[in-house]
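Here the structure comes first, spelled out in structure tokens, and everything after it is commentary.
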Amino acid sequence: MHLYESNPIKIYNSLTGEKEVFKPINAGHVGMYVCGPTVYSKVHLGNVRTFMSFDMVFRYLKHLGYKVRYVRNITDAGHLENDADAGEDKITKKARLEQIEPMEVVQRYTVDFHNILNIFNFLPPSIEPTATGHIIEQIELISAIIENGFAYEVNGSVYFDVHKFNDTHTYGKLSKRKLEDLIHNTRVLDGQSDKRNPQDFALWKKAEPQHIMRWPSPWSDGFPGWHLECTAMSTKYLGEQFDIHGGGMDLKFPHHECEIAQNEAAKGKSPVNYWMHANMLELNGQRMSKSTGNTVNPDELLSGNNPFFSKAFAPGVIRFFTAQSSYRSVLDLTDDGVLASEKGFYRLMDGMGLLNSTKVSRTSTLDVAAWRLKCYAAMNDDFNTPILISHLFEAVKYLNQIKENKASITAKDLEVLKTTMHAFVYDVLGLENSAETNSGNDKLAGAVELLIKLRQEARANKDFALSDQIRDELAEVGIQLKDSKDGTTFSLS
Ligand SMILES: [Zn+2]
């Protein structure tokens with residue numbers, strides 16, 4: 001018996017605008033695709049919030065016993081500077097500005113992305129495919145769309161024919177936009193464009209002579225359009241139809257709309273059963289923007305090196321802060337907000353500490369079984385982490401009452417409480433106990449103190465070669481010893 005059998009989840013489906021009971025295509029298995037980052041700059045905190053929301057979804061599905069194949073791509077080519085089809089590839093632009101190879105840009109920011117996600121205790125996805133690794137699949141997809149009559153070639157570039165597609169399908173069903181409205185709201189083509197209609201989007205672009213990232217294709221040496229890679233990679237790893245597709249709200253249109261159109265045009269099938277969109281992250285009530293200076297990087301939040309924040313915050317605090325809002329709400333990042341979350345986070349962690357020292361009695365004054373069901377009910381209701389956290393605090397309050405002899409718990413109930421708290425706090429929310437991390441530092445301190453003692457003994461024996469060796473080799477791994485008349489201390493560089 002798996003937990004998922006007794007825990008039907010409801011997911012808010014952006015496609016229908018309703019919460020629906022989640023039924024995976026293959027019982028016990030979930031295929032989930034989330035649009036990953038374009039690796040041309042440091043990861044944006046808004047993206048971290050989106051990926052963190054889906055990390056918690058992934059963790060909960062796994063906790064329920066589903067076998068989840070979670071695919072999150074790396075966009076390392078083909079992202080054009082302007083919304084649709086004109087302009088410069090962001091990666092190429094960055095490479096030109098820094099005078100390095102585009103793949104150096106990709107490598108640098110992919111490593112940065114993984115580092116940041118590790119700091120925030122993300123689980124790695126099952127597959128992390130790259131756009132450049134799937135050019136052949138993208139070319140095959142374009143050929144299929146052309147063959148089915150929904151794309152046309154002009155001067156070596158290929159465009160998706162939105163108008164023709166809309167004659168037999170519905171373009172705009174995810175973002176609830178109508179093609180007529182889109183036509184009214186877009187400027188007419190200026191005669192420079194190869195497109196038949198301004199709403200059409202590029203599937204393949206012929207590369208200008210100076211364009212560095214380019215691949216051969218039946219149409220030209222060029223590069224794929226922005227929306228294509230996700231269709232190619234989700235189909236390859238999850239099939240023509242799969243369960244969940246996630247991403248930030250800002251990707252709903254045009255990116256996800258175009259993904260649906262491409263799939264329907266190529267395979268005749270609507271690719272995704274449940275579309276999930278994480279809402280935006282704001283800073284002090286306003287949209288984050290580098291151009292206005294209203295912005296904070298993940299590492300600035302962790303180091304406290306940002307004028308909007310009064311101090312540095314532990315990664316677990318930021319994770320907890322994120323989980324205190326539903327993924328579907330706009331999250332407003334403020335110093336006061338994170339300070340309040342910090343208090344809450346450590347109160348919760350103190351509660352986790354109490355689980356090991358709580359005395360048991362013959363009766364329980366809280367219905368622990370009912371409490372446990374409430375925790376699951378919160379997550380089953382469209383992954384409602386803020387409600388879950390309120391239940392976790394109910395347990396913390398209970399543990400404190402037991403400590404003050406104002407409440408009691410049986411051994412059996414304490415075991416249930418402990419297992420449930422561990423599952424939700426550590427496994428599902430992915431919060432790390434900072435006390436445990438500190439104990440890692442304690443072990444390091446213990447080891448260095450031992451070496452300091454051995455060095456003192458070496459000096460007492462006039463073995464200065466050994467004493468210097470200990471000092472120098474510690475320095476090489478970033479541990480500095482400092483001698484004074486009060487003894488030797490150390491610092492980490
Ligand atoms: Zn995508």
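Numbering starts fresh at 1 for the residues of each chain in the structure tokens, the chains themselves are lettered A, B, ... in the order given, and ligands are numbered from 1 as they appear.
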Inset, instruction - Would you list the contacts of region 104-111 of chain A as a PyMOL selection string, taking every protein, DNA or RNA residue within 7 Å and counting only C-alpha atoms, but skipping same-chain residues closer than 4 positions in sequence? - result: chain A and resi 39-42+76+91+95+100+115
Just the selected residues (N, CA and C atoms), exported as a compact mmCIF listing (two decimals), in the first residue's frame, please.
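Contents of out18.txt, freshly written:
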# COMPACT_ATOMS: atom_id res chain seq x y z
N VAL A 39 21.07 29.89 -19.27
CA VAL A 39 22.31 30.05 -18.50
C VAL A 39 23.24 31.09 -19.14
N TYR A 40 22.82 32.35 -19.05
CA TYR A 40 23.67 33.42 -19.57
C TYR A 40 24.00 34.44 -18.49
N SER A 41 23.43 34.26 -17.28
CA SER A 41 23.74 35.14 -16.16
C SER A 41 23.42 34.39 -14.88
N LYS A 42 23.75 35.02 -13.73
CA LYS A 42 23.48 34.36 -12.45
C LYS A 42 21.98 34.12 -12.30
N ASP A 76 20.60 26.34 -23.23
CA ASP A 76 21.97 26.80 -23.49
C ASP A 76 22.13 27.26 -24.94
N ILE A 91 22.91 34.22 -24.99
CA ILE A 91 24.20 33.59 -24.67
C ILE A 91 25.29 34.13 -25.60
N ALA A 95 28.62 36.23 -24.58
CA ALA A 95 29.93 35.73 -25.03
C ALA A 95 30.69 36.83 -25.76
N ILE A 100 34.44 35.59 -24.81
CA ILE A 100 34.70 34.18 -24.54
C ILE A 100 33.79 33.33 -25.42
N ASN A 115 25.25 25.35 -7.99
CA ASN A 115 25.76 25.73 -6.67
C ASN A 115 24.66 26.35 -5.82
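Residue neighbourhood of Glu342 (chain A), excluding near-sequence residues (fewer than 5 positions): Lys311, Ala312, Phe313, Ala314, Pro315, Gly316, Val317, Ile318, Arg319, Phe320, Phe321, Thr322, Gln324, Asp335, Asp336, Gly337, Arg347, Leu348, Met349 and Ser434 of chain A, at 12 Å, using only C-alpha atoms.
Contact shell of region 43-48 of chain A at 8 Å (only C-alpha atoms; same-chain neighbours under 2 positions omitted): Pro37, Val39, Ser41, Thr50, Phe51, Met52, Tyr109, Asp112, Phe113, Ile116, Leu117, Gly248, Met280, Leu281, Glu282, Val296, Asn297 and Pro298 of chain A.
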Can I get the selection written as a short mmCIF file (atom, residue, chain, number, x, y, z; two decimals), in the first residue's frame, with N, CA and C atoms?
data_model
loop_
_atom_site.label_atom_id
_atom_site.label_comp_id
_atom_site.auth_asym_id
_atom_site.auth_seq_id
_atom_site.Cartn_x
_atom_site.Cartn_y
_atom_site.Cartn_z
N PRO A 37 16.48 27.12 -16.45
CA PRO A 37 17.02 28.46 -16.66
C PRO A 37 17.72 28.60 -18.02
N VAL A 39 21.07 29.89 -19.27
CA VAL A 39 22.31 30.05 -18.50
C VAL A 39 23.24 31.09 -19.14
N SER A 41 23.43 34.26 -17.28
CA SER A 41 23.74 35.14 -16.16
C SER A 41 23.42 34.39 -14.88
N THR A 50 10.51 29.84 -8.16
CA THR A 50 9.76 28.92 -9.02
C THR A 50 10.29 27.49 -8.88
N PHE A 51 11.61 27.34 -9.01
CA PHE A 51 12.18 25.99 -8.94
C PHE A 51 11.99 25.38 -7.55
N MET A 52 12.02 26.23 -6.53
CA MET A 52 11.82 25.74 -5.16
C MET A 52 10.39 25.22 -4.98
N TYR A 109 27.61 29.58 -15.95
CA TYR A 109 26.34 29.85 -15.27
C TYR A 109 25.55 28.58 -14.96
N ASP A 112 27.11 27.82 -11.63
CA ASP A 112 26.56 28.77 -10.66
C ASP A 112 25.13 28.37 -10.25
N PHE A 113 24.33 27.99 -11.25
CA PHE A 113 22.94 27.57 -11.00
C PHE A 113 22.91 26.36 -10.06
N ILE A 116 23.95 27.30 -6.42
CA ILE A 116 22.90 27.99 -5.67
C ILE A 116 21.81 26.99 -5.24
N LEU A 117 21.43 26.11 -6.16
CA LEU A 117 20.38 25.15 -5.83
C LEU A 117 20.84 24.17 -4.74
N GLY A 248 7.31 29.23 -14.45
CA GLY A 248 6.90 30.52 -13.90
C GLY A 248 5.70 31.05 -14.67
N MET A 280 4.84 35.14 -9.24
CA MET A 280 6.03 35.97 -9.26
C MET A 280 6.56 36.28 -7.86
N LEU A 281 7.82 36.62 -7.80
CA LEU A 281 8.45 37.10 -6.58
C LEU A 281 8.68 38.60 -6.73
N GLU A 282 8.20 39.36 -5.74
CA GLU A 282 8.43 40.81 -5.77
C GLU A 282 9.41 41.18 -4.66
N VAL A 296 17.68 41.71 -5.86
CA VAL A 296 18.60 41.07 -4.93
C VAL A 296 18.97 39.70 -5.50
N ASN A 297 20.26 39.37 -5.43
CA ASN A 297 20.72 38.06 -5.89
C ASN A 297 20.62 37.06 -4.75
N PRO A 298 20.48 35.78 -5.08
CA PRO A 298 20.45 34.77 -4.00
C PRO A 298 21.65 34.88 -3.06
#
Inset, instruction - Write as a PyMOL selection string the residues around ligand 1, taking 12 Å as the cut-off and counting only C-alpha atoms and all ligand atoms. - result: chain A and resi 33-38+71-75+78-79+129-131+225-234+245-260+277
Keeping only N, CA and C atoms, write the selected residues to a file as a compact mmCIF listing (two decimals), in the first residue's frame.
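Output saved as result07.txt:
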# COMPACT_ATOMS: atom_id res chain seq x y z
N TYR A 33 7.61 17.92 -16.10
CA TYR A 33 8.59 18.75 -16.82
C TYR A 33 8.50 20.17 -16.31
N VAL A 34 9.64 20.78 -16.01
CA VAL A 34 9.68 22.18 -15.59
C VAL A 34 10.70 22.91 -16.45
N CYS A 35 10.30 24.06 -16.99
CA CYS A 35 11.22 24.85 -17.81
C CYS A 35 12.36 25.37 -16.95
N GLY A 36 13.58 25.04 -17.34
CA GLY A 36 14.76 25.42 -16.56
C GLY A 36 15.29 26.79 -16.95
N PRO A 37 16.48 27.12 -16.45
CA PRO A 37 17.02 28.46 -16.66
C PRO A 37 17.72 28.60 -18.02
N THR A 38 17.80 29.85 -18.49
CA THR A 38 18.69 30.17 -19.61
C THR A 38 20.00 30.61 -18.98
N VAL A 71 11.92 16.12 -15.18
CA VAL A 71 12.83 16.65 -16.20
C VAL A 71 12.84 18.18 -16.10
N ARG A 72 14.02 18.73 -15.91
CA ARG A 72 14.16 20.19 -15.89
C ARG A 72 15.32 20.54 -16.81
N ASN A 73 15.03 21.30 -17.87
CA ASN A 73 16.05 21.51 -18.89
C ASN A 73 16.98 22.67 -18.57
N ILE A 74 18.07 22.69 -19.31
CA ILE A 74 19.00 23.83 -19.30
C ILE A 74 18.93 24.44 -20.70
N THR A 75 18.52 25.71 -20.77
CA THR A 75 18.48 26.39 -22.06
C THR A 75 19.85 26.98 -22.33
N GLY A 78 19.66 29.33 -28.39
CA GLY A 78 18.41 29.58 -29.07
C GLY A 78 17.48 30.59 -28.41
N HIS A 79 17.87 31.13 -27.27
CA HIS A 79 17.00 32.11 -26.63
C HIS A 79 17.28 33.47 -27.22
N PRO A 129 18.27 17.77 -19.28
CA PRO A 129 18.77 17.81 -20.66
C PRO A 129 19.05 19.24 -21.12
N THR A 130 19.94 19.35 -22.11
CA THR A 130 20.28 20.67 -22.64
C THR A 130 19.71 20.83 -24.05
N ALA A 131 19.42 22.07 -24.41
CA ALA A 131 18.89 22.36 -25.74
C ALA A 131 19.90 21.98 -26.82
N GLY A 225 14.26 27.85 -32.64
CA GLY A 225 13.49 28.89 -31.96
C GLY A 225 13.35 28.59 -30.47
N TRP A 226 12.97 29.59 -29.73
CA TRP A 226 12.94 29.53 -28.28
C TRP A 226 12.06 28.40 -27.74
N HIS A 227 10.86 28.24 -28.32
CA HIS A 227 9.87 27.36 -27.69
C HIS A 227 10.09 25.89 -27.98
N LEU A 228 10.91 25.64 -29.00
CA LEU A 228 10.97 24.28 -29.54
C LEU A 228 11.63 23.26 -28.62
N GLU A 229 12.68 23.70 -27.91
CA GLU A 229 13.47 22.72 -27.15
C GLU A 229 12.62 22.00 -26.10
N CYS A 230 11.70 22.72 -25.45
CA CYS A 230 10.92 22.09 -24.38
C CYS A 230 9.99 21.03 -24.95
N THR A 231 9.43 21.31 -26.13
CA THR A 231 8.58 20.30 -26.77
C THR A 231 9.41 19.07 -27.13
N ALA A 232 10.60 19.31 -27.69
CA ALA A 232 11.44 18.18 -28.11
C ALA A 232 11.88 17.34 -26.91
N MET A 233 12.30 18.00 -25.85
CA MET A 233 12.86 17.25 -24.71
C MET A 233 11.78 16.62 -23.84
N SER A 234 10.64 17.30 -23.69
CA SER A 234 9.57 16.69 -22.88
C SER A 234 9.03 15.46 -23.60
N HIS A 245 3.26 19.78 -16.27
CA HIS A 245 4.24 20.72 -16.82
C HIS A 245 4.20 21.96 -15.96
N GLY A 246 5.36 22.36 -15.47
CA GLY A 246 5.42 23.54 -14.60
C GLY A 246 6.33 24.60 -15.16
N GLY A 247 6.21 25.77 -14.55
CA GLY A 247 7.08 26.89 -14.93
C GLY A 247 6.59 28.15 -14.24
N GLY A 248 7.31 29.23 -14.45
CA GLY A 248 6.90 30.52 -13.90
C GLY A 248 5.70 31.05 -14.67
N MET A 249 4.89 31.87 -13.99
CA MET A 249 3.71 32.48 -14.58
C MET A 249 4.04 33.22 -15.88
N ASP A 250 5.23 33.82 -15.92
CA ASP A 250 5.61 34.63 -17.09
C ASP A 250 5.86 33.77 -18.34
N LEU A 251 5.91 32.45 -18.16
CA LEU A 251 6.16 31.58 -19.31
C LEU A 251 4.86 31.08 -19.97
N LYS A 252 3.73 31.39 -19.30
CA LYS A 252 2.45 30.88 -19.81
C LYS A 252 2.24 31.34 -21.25
N PHE A 253 2.49 32.61 -21.50
CA PHE A 253 2.40 33.13 -22.86
C PHE A 253 3.65 33.95 -23.16
N PRO A 254 4.28 33.77 -24.32
CA PRO A 254 3.89 32.82 -25.36
C PRO A 254 4.47 31.40 -25.20
N HIS A 255 5.45 31.23 -24.29
CA HIS A 255 6.25 30.00 -24.33
C HIS A 255 5.40 28.73 -24.23
N HIS A 256 4.59 28.62 -23.18
CA HIS A 256 3.84 27.38 -23.00
C HIS A 256 2.72 27.23 -24.02
N GLU A 257 2.14 28.35 -24.41
CA GLU A 257 1.12 28.32 -25.46
C GLU A 257 1.71 27.74 -26.74
N CYS A 258 2.92 28.17 -27.05
CA CYS A 258 3.59 27.69 -28.27
C CYS A 258 3.97 26.22 -28.13
N GLU A 259 4.34 25.80 -26.91
CA GLU A 259 4.64 24.38 -26.70
C GLU A 259 3.42 23.52 -27.04
N ILE A 260 2.25 23.94 -26.57
CA ILE A 260 1.01 23.19 -26.85
C ILE A 260 0.77 23.13 -28.35
N HIS A 277 1.56 26.75 -12.69
CA HIS A 277 2.37 27.96 -12.81
C HIS A 277 2.64 28.59 -11.45
Inset, instruction - Enumerate, as a PyMOL selection string, the complete set of residues in region 314-437 of chain A that a backbone-based DSSP assignment places in helix (DSSP H, G or I). - result: chain A and resi 315-323+335-354+368-380+385-403+411-428+434-437
Legend entry - Minimum-distance residue to Lys93 (chain A), chosen among A:Ser289, A:Thr488, A:Asn405, A:Gln210 (using only C-alpha atoms): A:Gln210
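For region 197-201 of chain A, the list of residues within 6 Å, based on only C-alpha atoms and with local chain neighbours fewer than 6 positions off taken out, reads Tyr159, Phe160, Asp161 and Val162 of chain A.
Note that the spacing between CA of Ile183 (chain A) and CA of His163 (chain A) amounts to 10.0 Å.
The shortest atom-to-atom distance to Thr295 (chain A), with only C-alpha atoms taken into account, belongs to A:Thr334 out of A:Gln262, A:Asn185, A:Thr334, A:Thr363.
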Inset, instruction - Can you work out which one of A:Arg362, A:Lys453, A:Lys290, A:Lys205 has the shortest atom-to-atom distance to Ile142 (chain A), counting only C-alpha atoms? - result: A:Lys205
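Here CA of Gln99 (chain A) is placed at a distance of 26.0 Å from CA of Gly293 (chain A).
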Region 265-310 of chain A: residues DSSP assigns to strand (DSSP E or B), reported as a compact mmCIF listing (two decimals) with C-alpha atoms, in the first residue's frame:
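Everything below was put into out-v6.txt:
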# COMPACT_ATOMS: atom_id res chain seq x y z
CA VAL A 272 0.11 17.99 -20.84
CA ASN A 273 -2.70 17.00 -18.48
CA TYR A 274 -1.91 19.42 -15.63
CA TRP A 275 -0.29 22.80 -16.22
CA MET A 276 1.08 24.40 -13.06
CA HIS A 277 2.37 27.96 -12.81
CA ALA A 278 4.30 29.44 -9.92
CA LEU A 281 8.45 37.10 -6.58
CA GLU A 282 8.43 40.81 -5.77
CA LEU A 283 10.88 42.88 -3.75
CA GLN A 286 7.52 45.94 -6.63
CA ARG A 287 8.59 43.89 -9.57
CA SER A 289 14.25 44.67 -12.08
CA ASN A 294 15.03 46.88 -7.25
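Look at Thr419 (chain A): the protein and nucleic acid residues within 12 Å of it, using only C-alpha atoms and passing over chain neighbours fewer than 4 places away, are Met352, Leu355, Asn356, Val368, Ala369, Arg372, Lys412, Asp413, Leu414, Glu415, Ala423, Phe424, Val425, Tyr426 and Asp427 of chain A.
Residue nearest Lys359 (chain A), chosen from A:Ile127, A:Leu339, A:Ala411, A:Ile479 and counting only C-alpha atoms: A:Ala411.
When only C-alpha atoms are used to measure the gap to Asn263 (chain A), the shortest distance among A:Leu141, A:Tyr237, A:Tyr152, A:Gly31 belongs to A:Leu141.
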